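Colleague: File start-v3.txt below, compact mmCIF, N, CA and C atoms:
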```
# COMPACT_ATOMS: atom_id res chain seq x y z
N MET A 61 86.19 -12.52 60.00
CA MET A 61 85.37 -12.81 61.15
C MET A 61 85.92 -12.07 62.37
N ALA A 62 85.03 -11.77 63.26
CA ALA A 62 85.42 -11.03 64.45
C ALA A 62 86.31 -11.86 65.34
N ASP A 63 87.07 -11.18 66.18
CA ASP A 63 88.00 -11.86 67.06
C ASP A 63 87.45 -11.96 68.47
N SER A 64 86.16 -11.74 68.66
CA SER A 64 85.59 -11.83 69.99
C SER A 64 85.46 -13.29 70.40
N ARG A 65 85.27 -13.53 71.70
CA ARG A 65 85.22 -14.90 72.22
C ARG A 65 83.94 -15.12 73.00
N LEU A 66 83.39 -16.27 72.87
CA LEU A 66 82.33 -16.74 73.75
C LEU A 66 82.99 -17.75 74.65
N SER A 67 82.96 -17.50 75.93
CA SER A 67 83.62 -18.41 76.85
C SER A 67 82.68 -19.52 77.25
N SER A 68 83.22 -20.71 77.33
CA SER A 68 82.42 -21.83 77.83
C SER A 68 82.79 -22.14 79.28
N ALA A 69 83.61 -21.29 79.87
CA ALA A 69 83.97 -21.47 81.27
C ALA A 69 82.74 -21.18 82.12
N ALA A 70 82.64 -21.83 83.24
CA ALA A 70 81.47 -21.68 84.09
C ALA A 70 81.36 -20.27 84.62
N SER A 71 80.14 -19.73 84.65
CA SER A 71 79.89 -18.43 85.23
C SER A 71 79.56 -18.62 86.70
N GLY A 72 79.21 -17.56 87.38
CA GLY A 72 78.95 -17.62 88.80
C GLY A 72 77.85 -18.59 89.19
N ASP A 73 76.86 -18.81 88.31
CA ASP A 73 75.78 -19.72 88.65
C ASP A 73 76.06 -21.16 88.20
N GLY A 74 77.27 -21.42 87.69
CA GLY A 74 77.66 -22.75 87.31
C GLY A 74 77.34 -23.11 85.87
N ALA A 75 76.67 -22.22 85.12
CA ALA A 75 76.33 -22.51 83.73
C ALA A 75 77.27 -21.77 82.80
N PRO A 76 77.69 -22.38 81.71
CA PRO A 76 78.51 -21.69 80.74
C PRO A 76 77.77 -20.49 80.17
N SER A 77 78.51 -19.51 79.65
CA SER A 77 77.89 -18.29 79.17
C SER A 77 77.48 -18.35 77.72
N VAL A 78 77.66 -19.47 77.03
CA VAL A 78 77.19 -19.61 75.66
C VAL A 78 75.69 -19.83 75.71
N SER A 79 74.95 -19.17 74.81
CA SER A 79 73.49 -19.26 74.80
C SER A 79 73.01 -20.68 74.59
N ALA A 80 71.97 -21.04 75.31
CA ALA A 80 71.37 -22.36 75.14
C ALA A 80 70.03 -22.21 74.45
N SER A 81 69.58 -23.25 73.82
CA SER A 81 68.26 -23.27 73.20
C SER A 81 67.58 -24.57 73.58
N ALA A 82 66.35 -24.72 73.13
CA ALA A 82 65.60 -25.94 73.45
C ALA A 82 66.20 -27.17 72.77
N ALA A 83 66.89 -26.99 71.64
CA ALA A 83 67.38 -28.14 70.87
C ALA A 83 68.70 -28.70 71.37
N CYS A 84 69.55 -27.92 71.97
CA CYS A 84 70.81 -28.43 72.51
C CYS A 84 71.00 -27.86 73.91
N THR A 85 71.81 -28.54 74.69
CA THR A 85 71.92 -28.17 76.10
C THR A 85 73.28 -27.60 76.43
N THR A 86 73.30 -26.79 77.47
CA THR A 86 74.53 -26.24 78.01
C THR A 86 74.65 -26.74 79.45
N SER A 87 75.79 -27.35 79.75
CA SER A 87 76.02 -27.85 81.10
C SER A 87 77.50 -27.72 81.42
N ALA A 88 77.96 -28.41 82.45
CA ALA A 88 79.35 -28.28 82.90
C ALA A 88 80.36 -28.65 81.81
N ARG A 89 80.05 -29.61 80.92
CA ARG A 89 81.00 -30.03 79.89
C ARG A 89 80.38 -30.03 78.49
N SER A 90 79.41 -29.14 78.29
CA SER A 90 78.81 -29.01 76.96
C SER A 90 78.39 -27.57 76.72
N VAL A 91 78.41 -27.18 75.46
CA VAL A 91 77.97 -25.84 75.07
C VAL A 91 76.99 -25.97 73.92
N CYS A 92 76.12 -24.99 73.83
CA CYS A 92 75.15 -24.91 72.74
C CYS A 92 75.50 -23.68 71.92
N VAL A 93 75.73 -23.87 70.64
CA VAL A 93 76.12 -22.78 69.76
C VAL A 93 74.95 -22.49 68.82
N THR A 94 74.57 -21.22 68.73
CA THR A 94 73.43 -20.78 67.94
C THR A 94 73.89 -19.78 66.88
N PRO A 95 72.99 -19.33 66.00
CA PRO A 95 73.40 -18.38 64.96
C PRO A 95 74.06 -17.11 65.49
N SER A 96 73.74 -16.69 66.71
CA SER A 96 74.33 -15.47 67.26
C SER A 96 75.83 -15.60 67.52
N ALA A 97 76.38 -16.80 67.48
CA ALA A 97 77.81 -17.02 67.70
C ALA A 97 78.63 -16.77 66.43
N ASN A 98 77.99 -16.41 65.33
CA ASN A 98 78.69 -16.19 64.06
C ASN A 98 79.90 -15.27 64.25
N GLY A 99 81.07 -15.74 63.81
CA GLY A 99 82.29 -14.96 63.89
C GLY A 99 82.99 -14.99 65.23
N HIS A 100 82.42 -15.66 66.20
CA HIS A 100 83.01 -15.72 67.54
C HIS A 100 83.85 -16.98 67.72
N SER A 101 84.53 -17.04 68.84
CA SER A 101 85.30 -18.23 69.23
C SER A 101 84.66 -18.85 70.46
N VAL A 102 84.66 -20.17 70.48
CA VAL A 102 84.15 -20.92 71.63
C VAL A 102 85.28 -21.81 72.11
N THR A 103 85.59 -21.73 73.40
CA THR A 103 86.66 -22.52 73.98
C THR A 103 86.06 -23.66 74.80
N VAL A 104 86.51 -24.87 74.49
CA VAL A 104 86.04 -26.07 75.20
C VAL A 104 87.25 -26.94 75.53
N GLY A 105 87.05 -27.93 76.35
CA GLY A 105 88.11 -28.88 76.66
C GLY A 105 87.91 -30.18 75.91
N VAL A 106 88.96 -30.99 75.82
CA VAL A 106 88.84 -32.32 75.22
C VAL A 106 87.77 -33.09 75.98
N GLY A 107 86.90 -33.77 75.27
CA GLY A 107 85.82 -34.52 75.88
C GLY A 107 84.51 -33.76 75.98
N TRP A 108 84.54 -32.46 75.76
CA TRP A 108 83.33 -31.65 75.84
C TRP A 108 82.44 -31.91 74.63
N THR A 109 81.16 -31.64 74.78
CA THR A 109 80.17 -31.74 73.71
C THR A 109 79.85 -30.33 73.20
N ILE A 110 79.80 -30.19 71.88
CA ILE A 110 79.44 -28.93 71.23
C ILE A 110 78.18 -29.20 70.42
N GLY A 111 77.08 -28.60 70.83
CA GLY A 111 75.82 -28.74 70.10
C GLY A 111 75.60 -27.52 69.23
N LEU A 112 75.17 -27.73 68.00
CA LEU A 112 74.82 -26.62 67.11
C LEU A 112 73.32 -26.65 66.88
N ASP A 113 72.70 -25.50 67.06
CA ASP A 113 71.27 -25.33 66.80
C ASP A 113 71.14 -24.10 65.90
N LEU A 114 71.12 -24.33 64.59
CA LEU A 114 71.08 -23.24 63.62
C LEU A 114 69.67 -23.13 63.07
N HIS A 115 69.04 -22.00 63.34
CA HIS A 115 67.70 -21.75 62.84
C HIS A 115 67.46 -20.26 62.73
N ALA A 116 66.62 -19.86 61.82
CA ALA A 116 66.21 -18.48 61.65
C ALA A 116 64.90 -18.49 60.89
N PRO A 117 64.02 -17.54 61.16
CA PRO A 117 62.75 -17.52 60.45
C PRO A 117 62.95 -17.33 58.94
N ASN A 118 62.18 -18.02 58.16
CA ASN A 118 62.19 -17.89 56.69
C ASN A 118 63.55 -18.19 56.07
N SER A 119 64.31 -19.09 56.69
CA SER A 119 65.64 -19.45 56.20
C SER A 119 65.81 -20.96 56.18
N VAL A 120 66.74 -21.41 55.35
CA VAL A 120 67.13 -22.82 55.29
C VAL A 120 68.63 -22.88 55.53
N TRP A 121 69.06 -23.76 56.43
CA TRP A 121 70.47 -23.92 56.78
C TRP A 121 71.04 -25.18 56.13
N SER A 122 72.31 -25.11 55.74
CA SER A 122 73.02 -26.30 55.27
C SER A 122 73.53 -27.08 56.47
N ALA A 123 73.95 -28.31 56.23
CA ALA A 123 74.60 -29.10 57.28
C ALA A 123 75.96 -28.46 57.57
N PRO A 124 76.35 -28.32 58.83
CA PRO A 124 77.66 -27.74 59.15
C PRO A 124 78.81 -28.65 58.71
N SER A 125 79.95 -28.03 58.43
CA SER A 125 81.18 -28.75 58.07
C SER A 125 82.33 -28.21 58.90
N GLU A 126 83.27 -29.10 59.20
CA GLU A 126 84.47 -28.70 59.94
C GLU A 126 85.56 -28.34 58.95
N PHE A 127 86.19 -27.16 59.15
CA PHE A 127 87.29 -26.70 58.32
C PHE A 127 88.51 -26.55 59.20
N GLY A 128 89.63 -27.10 58.78
CA GLY A 128 90.84 -27.05 59.58
C GLY A 128 91.14 -28.42 60.15
N ALA A 129 91.88 -28.42 61.25
CA ALA A 129 92.24 -29.68 61.90
C ALA A 129 90.97 -30.42 62.31
N ARG A 130 90.96 -31.73 62.16
CA ARG A 130 89.81 -32.55 62.52
C ARG A 130 89.88 -32.87 64.02
N LEU A 131 89.35 -31.96 64.81
CA LEU A 131 89.40 -32.09 66.27
C LEU A 131 88.07 -32.51 66.87
N LEU A 132 87.04 -32.54 66.03
CA LEU A 132 85.70 -32.84 66.50
C LEU A 132 85.18 -34.11 65.86
N ARG A 133 84.49 -34.93 66.65
CA ARG A 133 83.86 -36.14 66.13
C ARG A 133 82.35 -35.95 66.25
N GLN A 134 81.65 -36.13 65.16
CA GLN A 134 80.19 -35.98 65.18
C GLN A 134 79.59 -37.12 65.98
N ILE A 135 78.77 -36.78 66.98
CA ILE A 135 78.17 -37.81 67.84
C ILE A 135 76.66 -37.89 67.69
N ARG A 136 76.08 -36.92 67.05
CA ARG A 136 74.65 -36.96 66.76
C ARG A 136 74.48 -36.48 65.34
N GLY A 137 73.77 -37.24 64.55
CA GLY A 137 73.60 -36.92 63.14
C GLY A 137 72.97 -35.57 62.91
N VAL A 138 73.22 -35.03 61.73
CA VAL A 138 72.65 -33.75 61.35
C VAL A 138 71.15 -33.95 61.15
N ARG A 139 70.39 -33.11 61.80
CA ARG A 139 68.94 -33.14 61.60
C ARG A 139 68.54 -31.84 60.92
N LEU A 140 68.06 -31.93 59.70
CA LEU A 140 67.58 -30.78 58.97
C LEU A 140 66.06 -30.82 59.04
N ASP A 141 65.49 -29.90 59.79
CA ASP A 141 64.05 -29.94 60.05
C ASP A 141 63.47 -28.55 59.88
N GLY A 142 62.60 -28.37 58.91
CA GLY A 142 61.95 -27.07 58.72
C GLY A 142 62.94 -25.95 58.45
N GLY A 143 64.07 -26.26 57.83
CA GLY A 143 65.07 -25.25 57.54
C GLY A 143 66.16 -25.13 58.58
N ALA A 144 65.96 -25.71 59.76
CA ALA A 144 66.96 -25.66 60.82
C ALA A 144 67.95 -26.81 60.67
N ALA A 145 69.14 -26.63 61.22
CA ALA A 145 70.16 -27.69 61.25
C ALA A 145 70.60 -27.88 62.69
N GLU A 146 70.56 -29.13 63.15
CA GLU A 146 71.01 -29.47 64.50
C GLU A 146 72.00 -30.62 64.42
N VAL A 147 73.10 -30.49 65.14
CA VAL A 147 74.12 -31.54 65.15
C VAL A 147 74.92 -31.40 66.44
N ALA A 148 75.56 -32.48 66.86
CA ALA A 148 76.40 -32.45 68.06
C ALA A 148 77.75 -33.07 67.75
N TYR A 149 78.79 -32.51 68.36
CA TYR A 149 80.17 -32.98 68.19
C TYR A 149 80.79 -33.20 69.56
N ARG A 150 81.81 -34.05 69.62
CA ARG A 150 82.64 -34.22 70.80
C ARG A 150 84.04 -33.77 70.44
N ALA A 151 84.65 -32.95 71.29
CA ALA A 151 86.03 -32.50 71.08
C ALA A 151 86.95 -33.66 71.45
N VAL A 152 87.82 -34.09 70.49
CA VAL A 152 88.64 -35.28 70.71
C VAL A 152 90.14 -34.99 70.80
N ALA A 153 90.56 -33.78 70.44
CA ALA A 153 91.98 -33.44 70.50
C ALA A 153 92.13 -31.93 70.65
N PRO A 154 93.20 -31.48 71.31
CA PRO A 154 93.41 -30.03 71.46
C PRO A 154 93.84 -29.39 70.14
N GLY A 155 93.51 -28.11 70.00
CA GLY A 155 93.89 -27.34 68.83
C GLY A 155 92.79 -26.36 68.46
N ARG A 156 92.85 -25.89 67.19
CA ARG A 156 91.87 -24.93 66.69
C ARG A 156 91.26 -25.44 65.39
N THR A 157 89.96 -25.24 65.26
CA THR A 157 89.25 -25.62 64.05
C THR A 157 88.08 -24.66 63.87
N GLU A 158 87.32 -24.86 62.83
CA GLU A 158 86.19 -23.98 62.56
C GLU A 158 85.02 -24.81 62.04
N LEU A 159 83.82 -24.43 62.46
CA LEU A 159 82.60 -25.02 61.92
C LEU A 159 81.93 -23.97 61.05
N ARG A 160 81.48 -24.37 59.85
CA ARG A 160 80.82 -23.45 58.93
C ARG A 160 79.53 -24.07 58.41
N ALA A 161 78.58 -23.20 58.12
CA ALA A 161 77.31 -23.59 57.49
C ALA A 161 76.85 -22.40 56.67
N SER A 162 75.84 -22.62 55.85
CA SER A 162 75.29 -21.50 55.08
C SER A 162 73.79 -21.40 55.33
N GLU A 163 73.30 -20.18 55.16
CA GLU A 163 71.89 -19.88 55.36
C GLU A 163 71.38 -19.21 54.09
N ARG A 164 70.22 -19.61 53.63
CA ARG A 164 69.62 -18.97 52.46
C ARG A 164 68.14 -18.73 52.74
N PRO A 165 67.54 -17.76 52.05
CA PRO A 165 66.13 -17.47 52.31
C PRO A 165 65.20 -18.53 51.73
N VAL A 166 64.04 -18.66 52.34
CA VAL A 166 62.97 -19.48 51.79
C VAL A 166 62.17 -18.57 50.87
N CYS A 167 62.06 -18.94 49.61
CA CYS A 167 61.40 -18.10 48.62
C CYS A 167 60.06 -18.71 48.22
N PRO A 168 58.96 -18.07 48.60
CA PRO A 168 57.66 -18.62 48.22
C PRO A 168 57.44 -18.50 46.72
N PRO A 169 56.71 -19.43 46.12
CA PRO A 169 56.44 -19.39 44.69
C PRO A 169 55.71 -18.10 44.30
N ALA A 170 56.05 -17.57 43.13
CA ALA A 170 55.39 -16.40 42.53
C ALA A 170 55.57 -15.12 43.34
N HIS A 171 56.60 -15.05 44.18
CA HIS A 171 56.90 -13.83 44.93
C HIS A 171 58.35 -13.43 44.68
N MET A 172 58.62 -12.14 44.75
CA MET A 172 60.00 -11.69 44.64
C MET A 172 60.75 -12.14 45.90
N CYS A 173 62.00 -12.48 45.70
CA CYS A 173 62.77 -13.00 46.83
C CYS A 173 64.23 -12.61 46.64
N PRO A 174 64.89 -12.14 47.69
CA PRO A 174 66.32 -11.84 47.57
C PRO A 174 67.11 -13.12 47.33
N GLN A 175 68.10 -13.05 46.50
CA GLN A 175 68.94 -14.21 46.20
C GLN A 175 70.30 -14.01 46.87
N TYR A 176 70.47 -14.60 48.01
CA TYR A 176 71.74 -14.50 48.74
C TYR A 176 71.98 -15.79 49.51
N ILE A 177 73.22 -16.00 49.85
CA ILE A 177 73.60 -17.08 50.75
C ILE A 177 74.55 -16.47 51.77
N LEU A 178 74.24 -16.63 53.03
CA LEU A 178 75.09 -16.13 54.11
C LEU A 178 75.95 -17.28 54.64
N VAL A 179 77.23 -17.01 54.80
CA VAL A 179 78.14 -18.02 55.36
C VAL A 179 78.26 -17.74 56.86
N TRP A 180 78.00 -18.77 57.65
CA TRP A 180 78.07 -18.70 59.10
C TRP A 180 79.28 -19.50 59.55
N GLY A 181 80.01 -19.00 60.53
CA GLY A 181 81.17 -19.74 61.04
C GLY A 181 81.45 -19.43 62.49
N VAL A 182 81.97 -20.41 63.18
CA VAL A 182 82.39 -20.25 64.57
C VAL A 182 83.74 -20.94 64.73
N HIS A 183 84.67 -20.28 65.41
CA HIS A 183 85.98 -20.84 65.69
C HIS A 183 85.89 -21.67 66.96
N ILE A 184 86.41 -22.87 66.92
CA ILE A 184 86.41 -23.74 68.08
C ILE A 184 87.85 -23.92 68.56
N ILE A 185 88.11 -23.58 69.81
CA ILE A 185 89.41 -23.75 70.43
C ILE A 185 89.26 -24.88 71.46
N VAL A 186 89.99 -25.96 71.25
CA VAL A 186 89.91 -27.10 72.15
C VAL A 186 91.20 -27.14 72.98
N THR A 187 91.04 -27.07 74.28
CA THR A 187 92.18 -27.12 75.19
C THR A 187 92.32 -28.53 75.75
N ALA A 188 93.46 -28.82 76.34
CA ALA A 188 93.72 -30.16 76.90
C ALA A 188 93.02 -30.38 78.23
N ARG A 189 92.35 -29.39 78.77
CA ARG A 189 91.69 -29.52 80.08
C ARG A 189 90.53 -30.45 80.08
```
What does this structure look like when you write it as structure tokens?
Modeller:
Amino acid sequence: MADSRLSSAASGDGAPSVSASAACTTSARSVCVTPSANGHSVTVGVGWTIGLDLHAPNSVWSAPSEFGARLLRQIRGVRLDGGAAEVAYRAVAPGRTELRASERPVCPPAHMCPQYILVWGVHIIVTAR
């Protein structure tokens, strides 16, 4: 995975620089993580909310899982709707962890379809701030 970072620190207009979507919100103490964050790092503080909004046309997403130290507590259940996955976590302790999910194509009956599964992941860095 790439070593680039998505900062959740406030930008000049007061909003974090992580992309927001209609399904999850970005504010002073929350970030919205979307499929474009694949391979990136997101830095948050203890107590922050991390919303995941995973969706792509003609794809089905799995429920995300935390790999590594258990630093996140799920605060909103996983909603799998029309192939999308939405969930929210609260950062409860400092450290590093990773969230992973998989994406696969929707294959219509009687049509050729590629058979692949893409693994999506984002590194979460939780600071004591």
Colleague: Can you tell me which residues surround Glu146 (chain A) at a distance of at most 10 Å, considering only C-alpha atoms, apart from same-chain residues fewer than 4 positions away, and format the answer as number ranges by chain?
Modeller: A: 83-84, 93-94, 111-115, 121-124, 136-141
Colleague: One decimal, Å: what's the distance from CA of Ser162 (chain A) over to CA of Leu178 (chain A), could you say?
Modeller: 5.5 Å
Colleague: Where does DSSP see strand (DSSP E or B) in region 119-188 of chain A, if you list the residues as JSON, numbers by chain?
Modeller: {"A": [119, 120, 121, 125, 126, 127, 128, 132, 133, 134, 135, 136, 137, 138, 139, 140, 141, 144, 145, 146, 147, 148, 149, 150, 151, 155, 156, 157, 158, 159, 160, 161, 162, 163, 164, 165, 178, 179, 180, 181, 182, 183, 184, 185, 186, 187]}
Colleague: With only N, CA and C atoms as the counted atoms, please give the residues lying no more than 8 Å from region 151-159 of chain A, apart from itself and same-chain residues fewer than 3 positions off, as a ChimeraX atom specification.
Modeller: /A:104-110,124-134,148,180-189
Colleague: Might you pull out every residue within 7 Å of Pro165 (chain A), with all atoms listed in the file counted and same-chain residues fewer than 5 positions away left off, and present them as number ranges by chain?
Modeller: A: 118-120, 174-178
Colleague: To one decimal place in Å, what is the distance between CA of Pro117 (chain A) and atom N of Asn98 (chain A)?
Modeller: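 Those two atoms sit 16.0 Å apart.
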Colleague: Tell me, in Å to one decimal, how far atom C of Arg164 (chain A) is from atom N of Ser96 (chain A).
Modeller: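 Atom N of Ser96 (chain A) lies 15.2 Å from atom C of Arg164 (chain A).
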Colleague: Could you give me the axis-aligned bounding box of region 167-175 of chain A, with 6 Å of padding per side, as centre plus edge lengths in Å to one decimal, as JSON?
Modeller:
```
{"center_x": 62.8, "center_y": -15.6, "center_z": 46.1, "size_x": 26.9, "size_y": 19.7, "size_z": 19.1}
```
Colleague: Choose the residue, out of A:Pro169, A:Ala97, A:Thr86, A:Ala116, that has the smallest atom-to-atom separation from Ala144 (chain A); count only N, CA and C atoms.
Modeller: A:Ala116
Colleague: If I only have part of region 93-104 of chain A, can you fill in all heavy atoms and write it as an mmCIF file, keeping the file's coordinate frame?
Modeller:
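Output file selection-v2.cif is given in full below:
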```
data_model
loop_
_atom_site.group_PDB
_atom_site.id
_atom_site.type_symbol
_atom_site.label_atom_id
_atom_site.label_comp_id
_atom_site.auth_asym_id
_atom_site.auth_seq_id
_atom_site.Cartn_x
_atom_site.Cartn_y
_atom_site.Cartn_z
ATOM 1 N N VAL A 93 75.730 -23.870 70.640
ATOM 2 C CA VAL A 93 76.120 -22.780 69.760
ATOM 3 C C VAL A 93 74.950 -22.490 68.820
ATOM 4 O O VAL A 93 74.409 -23.399 68.190
ATOM 5 C CB VAL A 93 77.393 -23.152 68.965
ATOM 6 C CG1 VAL A 93 77.804 -22.022 68.046
ATOM 7 C CG2 VAL A 93 78.523 -23.510 69.920
ATOM 8 N N THR A 94 74.570 -21.220 68.730
ATOM 9 C CA THR A 94 73.430 -20.780 67.940
ATOM 10 C C THR A 94 73.890 -19.780 66.880
ATOM 11 O O THR A 94 75.062 -19.386 66.868
ATOM 12 C CB THR A 94 72.383 -20.133 68.869
ATOM 13 O OG1 THR A 94 72.961 -18.988 69.486
ATOM 14 C CG2 THR A 94 71.892 -21.112 69.939
ATOM 15 N N PRO A 95 72.990 -19.330 66.000
ATOM 16 C CA PRO A 95 73.400 -18.380 64.960
ATOM 17 C C PRO A 95 74.060 -17.110 65.490
ATOM 18 O O PRO A 95 74.913 -16.518 64.831
ATOM 19 C CB PRO A 95 72.081 -18.047 64.247
ATOM 20 C CG PRO A 95 71.275 -19.289 64.394
ATOM 21 C CD PRO A 95 71.612 -19.783 65.788
ATOM 22 N N SER A 96 73.740 -16.690 66.710
ATOM 23 C CA SER A 96 74.330 -15.470 67.260
ATOM 24 C C SER A 96 75.830 -15.600 67.520
ATOM 25 O O SER A 96 76.515 -14.602 67.726
ATOM 26 C CB SER A 96 73.617 -15.074 68.557
ATOM 27 O OG SER A 96 73.799 -16.069 69.541
ATOM 28 N N ALA A 97 76.380 -16.800 67.480
ATOM 29 C CA ALA A 97 77.810 -17.020 67.700
ATOM 30 C C ALA A 97 78.630 -16.770 66.430
ATOM 31 O O ALA A 97 79.855 -16.882 66.463
ATOM 32 C CB ALA A 97 78.069 -18.432 68.199
ATOM 33 N N ASN A 98 77.990 -16.410 65.330
ATOM 34 C CA ASN A 98 78.690 -16.190 64.060
ATOM 35 C C ASN A 98 79.900 -15.270 64.250
ATOM 36 O O ASN A 98 79.781 -14.179 64.793
ATOM 37 C CB ASN A 98 77.740 -15.580 63.035
ATOM 38 C CG ASN A 98 78.366 -15.473 61.665
ATOM 39 O OD1 ASN A 98 79.206 -16.279 61.286
ATOM 40 N ND2 ASN A 98 77.959 -14.466 60.919
ATOM 41 N N GLY A 99 81.070 -15.740 63.810
ATOM 42 C CA GLY A 99 82.290 -14.960 63.890
ATOM 43 C C GLY A 99 82.990 -14.990 65.230
ATOM 44 O O GLY A 99 84.051 -14.411 65.379
ATOM 45 N N HIS A 100 82.420 -15.660 66.200
ATOM 46 C CA HIS A 100 83.010 -15.720 67.540
ATOM 47 C C HIS A 100 83.850 -16.980 67.720
ATOM 48 O O HIS A 100 83.854 -17.860 66.862
ATOM 49 C CB HIS A 100 81.902 -15.697 68.604
ATOM 50 C CG HIS A 100 81.177 -14.407 68.678
ATOM 51 N ND1 HIS A 100 81.587 -13.349 69.459
ATOM 52 C CD2 HIS A 100 80.056 -13.994 68.046
ATOM 53 C CE1 HIS A 100 80.759 -12.338 69.305
ATOM 54 N NE2 HIS A 100 79.812 -12.705 68.451
ATOM 55 N N SER A 101 84.530 -17.040 68.840
ATOM 56 C CA SER A 101 85.300 -18.230 69.230
ATOM 57 C C SER A 101 84.660 -18.850 70.460
ATOM 58 O O SER A 101 84.171 -18.148 71.336
ATOM 59 C CB SER A 101 86.745 -17.855 69.568
ATOM 60 O OG SER A 101 87.418 -17.414 68.429
ATOM 61 N N VAL A 102 84.660 -20.170 70.480
ATOM 62 C CA VAL A 102 84.150 -20.920 71.630
ATOM 63 C C VAL A 102 85.280 -21.810 72.110
ATOM 64 O O VAL A 102 85.884 -22.536 71.325
ATOM 65 C CB VAL A 102 82.930 -21.786 71.231
ATOM 66 C CG1 VAL A 102 82.466 -22.625 72.407
ATOM 67 C CG2 VAL A 102 81.799 -20.917 70.721
ATOM 68 N N THR A 103 85.590 -21.730 73.400
ATOM 69 C CA THR A 103 86.660 -22.520 73.980
ATOM 70 C C THR A 103 86.060 -23.660 74.800
ATOM 71 O O THR A 103 85.207 -23.424 75.653
ATOM 72 C CB THR A 103 87.565 -21.647 74.879
ATOM 73 O OG1 THR A 103 88.104 -20.592 74.079
ATOM 74 C CG2 THR A 103 88.691 -22.455 75.487
ATOM 75 N N VAL A 104 86.510 -24.870 74.490
ATOM 76 C CA VAL A 104 86.040 -26.070 75.200
ATOM 77 C C VAL A 104 87.250 -26.940 75.530
ATOM 78 O O VAL A 104 88.333 -26.717 75.003
ATOM 79 C CB VAL A 104 85.021 -26.873 74.349
ATOM 80 C CG1 VAL A 104 83.781 -26.048 74.054
ATOM 81 C CG2 VAL A 104 85.646 -27.376 73.067
#
```
